[in-house]
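Enquirer: Quick one: this structure, given as structure tokens, is what I'll be asking you about.
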Amino acid sequence: MASSSLPITIFLCISFFFYLSSVDANEVTVGGHSGDWKIPPSSSYSFNEWAQKARFKVGDFLVFRYEAGKDSVLQVTREAYEKCNTTSPKASYTDGNTKVKLEKAGPVYFISGTEGHCQKGQKLRLVVITPRSSAFSPAPSPSDGPAVAPTSGAAKLSGVFGVVGLVLGFWAFF
């Protein structure tokens, strides 16, 4: 009996790993449902206010949408953010549909690379958190907060295999 449960146990472990690694990352469009990385239309709107309504976790992706060739996204230090300094960014993106993976917990700063845009409010400061057990307790989505892209079919499929693997694994042991 022990030798026949070994393949099931291996399947269980691999499936559970893929389940946990695929479920917790979200793609969050900067600016929410409008999804535009551009100078805010009024002084009453700011990207920071939008970001405060959301929860960003390590592993999530920010999606910036803007007109390639006319704008850009710069990931910068706190000092560069505060001074709208575009000279030495940590990273620079110009493709018009930029995905940035949030790699570590803590504050992250972005500004527009186009002259004068940051001074007019096209900048973003957010705080990335480390998920405790986000596969089992997802972050709540604010009603007018970020637009979260649906999980890919592959991630859903691996989630199904993870659950099936758990059931089969427990069944094999009992």
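Here, A, B, ... name the chains of the structure tokens in the order displayed, residue numbers run from 1 inside each chain, and ligands are numbered from 1 in the same displayed order.
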Do you know which residues are at most 8 Å from Ala105 of chain A counting only C-alpha atoms, after dropping those on the same chain fewer than 6 positions away, and could you put them as a list in words?
Expert: Lys57, Val58, Val127, Val128, Ile129 and Thr130 of chain A
Enquirer: Write down as a list in words the residues belonging to segment 59-92 of chain A that are assigned helix (DSSP H, G or I) by DSSP computed on the backbone.
Expert: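 Across segment 59-92 of chain A, those assigned helix (DSSP H, G or I) are Arg78, Glu79, Ala80, Tyr81, Glu82 and Lys83 of chain A.
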Enquirer: Between A:Ala54, A:Val28, A:Leu62, A:Ala80, which residue has the minimum interatomic distance to Leu102 of chain A, considering only C-alpha atoms?
Expert: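 So, comparing all the options, the nearest one is A:Leu62.
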Enquirer: Using only C-alpha atoms, find the one residue out of A:Gly121, A:Gly32, A:Pro40, A:Gly59 that sits nearest to Val100 of chain A.
Expert: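 Distance minimum relative to Val100 of chain A lands on A:Gly59.
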Enquirer: Excluding Arg125 of chain A and its own-chain neighbours fewer than 2 positions away, which residues fall within 6 Å of it when counting only C-alpha atoms? Please give them as a list in words.
Expert: Asn48, Val108 and Tyr109 of chain A
Enquirer: Which neighbours of Tyr66 of chain A fall inside 9 Å, counting only C-alpha atoms, when residues of the same chain fewer than 5 positions from it are skipped, and could you give them as a list in words?
Expert: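 Counting only the stated atoms, we get Gly35, Asp36, Trp37, Lys38, Asp71, Ser72, Val73, Thr94, Asp95, Gly96, Asn97 and Thr98 of chain A.
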